[in-house]
Amino acid sequence: GPVAVYLALLATHQGHDVAGQRLAQRALALLPEHSRYFRSFATLLLALNNLNGDDDEAAAAQLREALAIGDHVGNIMNSVLARCHLGGLALLRNHPDEAQRLYIEALALADELIHPEAVRSFPLIGLGILHYERNELVHAQRCLEQGLELNLGWGQIGGLLGRVVLAKVRRALGCPASTEAIAQMIDAITAHG
């Protein structure tokens with residue numbers, strides 16, 4: 001079961017959604033109910049694959065389940081990621097207050113980790129996007145810059161959306177030169193990943 005979880009994680013992060021989905025389902029079939037830590041990972045991976053496949057309803061249900069399990073067993077990383085993805089869905093559904101609550105909860109949870117820096121990047125980027133949607137450009141820029149700086153430890157592709165929104169924020173704030181630099185970085189990231 002745990003091996004299937006790690007294989008599902010690898011497949012998902014390599015963009016092999018079908019294999020990631022199949023392996024996460026296999027992991028859940030193999031893992032006993034009391035193996036809640038690994039079950040939270042498998043459930044989160046199912047949710048991520050459903051998000052990639054545009055099944056937002058299934059993803060939301062799985063994210064809520066992963067969040068509940070993660071909170072119960074103290075899997076802070078999963079709890080943070082589940083809240084961030086639920087926050088993104090709340091934004092898409094035009095529920096900004098719910099998104100804000102989820103991102104703030106995720107940020108507080110990340111601070112409980114021994115090394116919270118990289119994990120904090122996800123809720124900070126989410127909050128930056130939320131502030132952009134609310135036209136709170138100075139707050140958006142601050143959150144996005146902080147989040148993207150911390151995201152460097154997680155690989156460039158993880159902060160791609162944050163970079164796109166930061167470019168929009170900087171353009172709106174009258175900084176076209178830095179917008180062009182971000183656009184070039186985005187082109188470089190997508191060319192390599």
# chains A, B, ... in the order shown; residues from 1 in each chain; ligands from 1
>>> select_by_dssp(residues="region 18-80 of chain A", states="helix (DSSP H, G or I)", output="PyMOL selection string")
chain A and resi 18-30+36-52+56-73+76-80
>>> residues_around(residues="Ile114 (chain A)", least_positions_apart="5", cutoff="12 Å", atoms="only C-alpha atoms", output="short mmCIF file (atom, residue, chain, number, x, y, z; two decimals) with N, CA, C and O atoms, in the first residue's frame")
data_model
loop_
_atom_site.label_atom_id
_atom_site.label_comp_id
_atom_site.auth_asym_id
_atom_site.auth_seq_id
_atom_site.Cartn_x
_atom_site.Cartn_y
_atom_site.Cartn_z
N ILE A 76 0.11 17.26 8.44
CA ILE A 76 -0.02 18.69 8.20
C ILE A 76 0.14 19.03 6.73
O ILE A 76 -0.61 19.84 6.18
N MET A 77 1.09 18.40 6.07
CA MET A 77 1.31 18.69 4.65
C MET A 77 0.03 18.45 3.85
O MET A 77 -0.39 19.30 3.05
N LEU A 109 -1.57 26.30 9.80
CA LEU A 109 -1.11 24.91 9.93
C LEU A 109 0.34 24.76 9.49
O LEU A 109 1.13 24.07 10.13
N VAL A 119 6.24 25.03 2.54
CA VAL A 119 4.82 24.69 2.62
C VAL A 119 3.97 25.97 2.69
O VAL A 119 2.86 26.02 2.16
N ARG A 120 4.51 27.02 3.29
CA ARG A 120 3.80 28.30 3.36
C ARG A 120 3.58 28.90 1.97
O ARG A 120 2.69 29.72 1.78
#
>>> closest_residue(among="A:Ile104, A:Leu30, A:Ala90, A:Arg22", to="Val3 (chain A)", atoms="only C-alpha atoms")
A:Leu30
>>> residues_around(residues="Phe41 (chain A)", least_positions_apart="4", cutoff="10 Å", atoms="only C-alpha atoms", output="list in words")
Pro2, Val5, Tyr6, Ala8, Leu9, Ala24, Ala27, Leu28, Arg36, Tyr37, Leu45, Leu46, Ala47, Ala66, Leu67, Ile69, Gly70, Asn75, Met77, Asn78 and Ser79 of chain A
>>> closest_residue(among="A:Leu148, A:Leu91, A:Ala29, A:Leu48", to="Gly15 (chain A)", atoms="only C-alpha atoms")
A:Leu48
>>> residues_around(residues="His85 (chain A)", least_positions_apart="6", cutoff="10 Å", atoms="only C-alpha atoms", output="MDAnalysis selection string")
chainID A and resid 44 47:48 51 59:60 63:64 91 99 102:103 122:123 126
>>> write_last_selection(atoms="all heavy atoms", output="tab-separated table (two decimals), in the first residue's frame")
chain	number	residue	atom	x	y	z
A	44	LEU	N	-5.68	12.35	-1.33
A	44	LEU	CA	-5.27	13.63	-1.90
A	44	LEU	C	-4.83	13.46	-3.35
A	44	LEU	O	-5.18	14.27	-4.21
A	44	LEU	CB	-4.16	14.26	-1.08
A	44	LEU	CG	-3.65	15.61	-1.57
A	44	LEU	CD1	-4.74	16.68	-1.44
A	44	LEU	CD2	-2.41	16.04	-0.82
A	47	ALA	N	-7.75	13.18	-5.58
A	47	ALA	CA	-8.34	14.51	-5.76
A	47	ALA	C	-7.56	15.32	-6.79
A	47	ALA	O	-8.14	15.96	-7.67
A	47	ALA	CB	-8.39	15.25	-4.42
A	48	LEU	N	-6.23	15.30	-6.69
A	48	LEU	CA	-5.41	16.06	-7.63
A	48	LEU	C	-5.61	15.57	-9.05
A	48	LEU	O	-5.70	16.37	-10.00
A	48	LEU	CB	-3.93	15.99	-7.24
A	48	LEU	CG	-3.55	16.64	-5.92
A	48	LEU	CD1	-2.06	16.46	-5.64
A	48	LEU	CD2	-3.93	18.11	-5.91
A	51	LEU	N	-8.88	16.85	-10.24
A	51	LEU	CA	-8.77	18.26	-10.60
A	51	LEU	C	-8.16	18.40	-11.99
A	51	LEU	O	-8.62	19.20	-12.80
A	51	LEU	CB	-7.93	19.02	-9.58
A	51	LEU	CG	-8.58	19.39	-8.27
A	51	LEU	CD1	-7.55	20.02	-7.33
A	51	LEU	CD2	-9.75	20.33	-8.47
A	59	ALA	N	-13.32	15.79	-6.99
A	59	ALA	CA	-12.11	16.32	-6.36
A	59	ALA	C	-12.43	17.00	-5.04
A	59	ALA	O	-11.73	16.80	-4.04
A	59	ALA	CB	-11.41	17.30	-7.30
A	60	ALA	N	-13.50	17.81	-5.01
A	60	ALA	CA	-13.87	18.52	-3.77
A	60	ALA	C	-14.20	17.53	-2.66
A	60	ALA	O	-13.76	17.71	-1.51
A	60	ALA	CB	-15.05	19.46	-4.03
A	63	LEU	N	-10.95	15.98	-1.56
A	63	LEU	CA	-10.15	16.95	-0.81
A	63	LEU	C	-10.68	17.11	0.62
A	63	LEU	O	-9.89	17.18	1.56
A	63	LEU	CB	-10.15	18.31	-1.52
A	63	LEU	CG	-9.30	18.39	-2.78
A	63	LEU	CD1	-9.62	19.67	-3.55
A	63	LEU	CD2	-7.82	18.30	-2.45
A	64	ARG	N	-12.00	17.16	0.77
A	64	ARG	CA	-12.57	17.25	2.12
A	64	ARG	C	-12.23	16.00	2.94
A	64	ARG	O	-11.92	16.09	4.13
A	64	ARG	CB	-14.08	17.47	2.05
A	64	ARG	CG	-14.48	18.88	1.64
A	64	ARG	CD	-15.96	19.14	1.79
A	64	ARG	NE	-16.76	18.39	0.85
A	64	ARG	CZ	-17.05	18.77	-0.39
A	64	ARG	NH1	-16.59	19.93	-0.83
A	64	ARG	NH2	-17.80	18.02	-1.17
A	91	LEU	N	-12.58	29.80	-4.94
A	91	LEU	CA	-12.40	30.99	-5.79
A	91	LEU	C	-13.08	30.81	-7.14
A	91	LEU	O	-13.74	31.72	-7.63
A	91	LEU	CB	-10.91	31.27	-6.01
A	91	LEU	CG	-10.23	32.20	-5.04
A	91	LEU	CD1	-8.76	32.38	-5.41
A	91	LEU	CD2	-10.92	33.54	-4.98
A	99	ALA	N	-12.64	30.87	0.45
A	99	ALA	CA	-11.26	30.69	0.00
A	99	ALA	C	-10.29	31.33	0.99
A	99	ALA	O	-9.28	30.72	1.38
A	99	ALA	CB	-11.08	31.28	-1.39
A	102	LEU	N	-9.93	29.25	4.14
A	102	LEU	CA	-9.13	28.04	3.91
A	102	LEU	C	-7.64	28.37	3.79
A	102	LEU	O	-6.79	27.67	4.35
A	102	LEU	CB	-9.63	27.32	2.66
A	102	LEU	CG	-10.98	26.62	2.82
A	102	LEU	CD1	-11.62	26.32	1.46
A	102	LEU	CD2	-10.80	25.33	3.63
A	103	TYR	N	-7.31	29.44	3.07
A	103	TYR	CA	-5.90	29.81	2.92
A	103	TYR	C	-5.29	30.24	4.25
A	103	TYR	O	-4.15	29.89	4.56
A	103	TYR	CB	-5.74	30.94	1.89
A	103	TYR	CG	-6.02	30.53	0.47
A	103	TYR	CD1	-6.78	31.33	-0.37
A	103	TYR	CD2	-5.52	29.34	-0.05
A	103	TYR	CE1	-7.03	30.97	-1.68
A	103	TYR	CE2	-5.77	28.96	-1.36
A	103	TYR	CZ	-6.53	29.78	-2.17
A	103	TYR	OH	-6.78	29.43	-3.46
A	122	PHE	N	2.25	27.69	-0.69
A	122	PHE	CA	0.97	27.37	-1.31
A	122	PHE	C	-0.16	28.29	-0.84
A	122	PHE	O	-0.86	28.88	-1.67
A	122	PHE	CB	0.63	25.90	-1.12
A	122	PHE	CG	1.65	24.98	-1.73
A	122	PHE	CD1	2.55	24.28	-0.93
A	122	PHE	CD2	1.74	24.82	-3.10
A	122	PHE	CE1	3.51	23.46	-1.48
A	122	PHE	CE2	2.70	24.00	-3.66
A	122	PHE	CZ	3.58	23.31	-2.86
A	123	PRO	N	-0.38	28.44	0.47
A	123	PRO	CA	-1.43	29.36	0.88
A	123	PRO	C	-1.11	30.82	0.57
A	123	PRO	O	-2.02	31.61	0.28
A	123	PRO	CB	-1.59	29.12	2.39
A	123	PRO	CG	-0.36	28.41	2.82
A	123	PRO	CD	0.17	27.70	1.62
A	126	GLY	N	-2.06	31.32	-2.97
A	126	GLY	CA	-3.52	31.35	-3.02
A	126	GLY	C	-4.08	32.68	-2.54
A	126	GLY	O	-4.97	33.26	-3.16
>>> atom_distance(atom1="CA of Gln141 (chain A)", atom2="CA of Arg170 (chain A)")
7.4 Å
>>> closest_residue(among="A:Leu86, A:Ala106, A:Ala42, A:Val73", to="Glu57 (chain A)", atoms="only C-alpha atoms")
A:Leu86
>>> closest_residue(among="A:Arg163, A:His72, A:His131, A:Arg39", to="Glu145 (chain A)", atoms="only C-alpha atoms")
A:Arg163
>>> closest_residue(among="A:Leu10, A:Val165, A:Leu160, A:Ala110", to="Leu137 (chain A)", atoms="only C-alpha atoms")
A:Val165
>>> closest_residue(among="A:Arg171, A:Arg134, A:His139, A:Arg26", to="Asp97 (chain A)", atoms="only C-alpha atoms")
A:Arg134
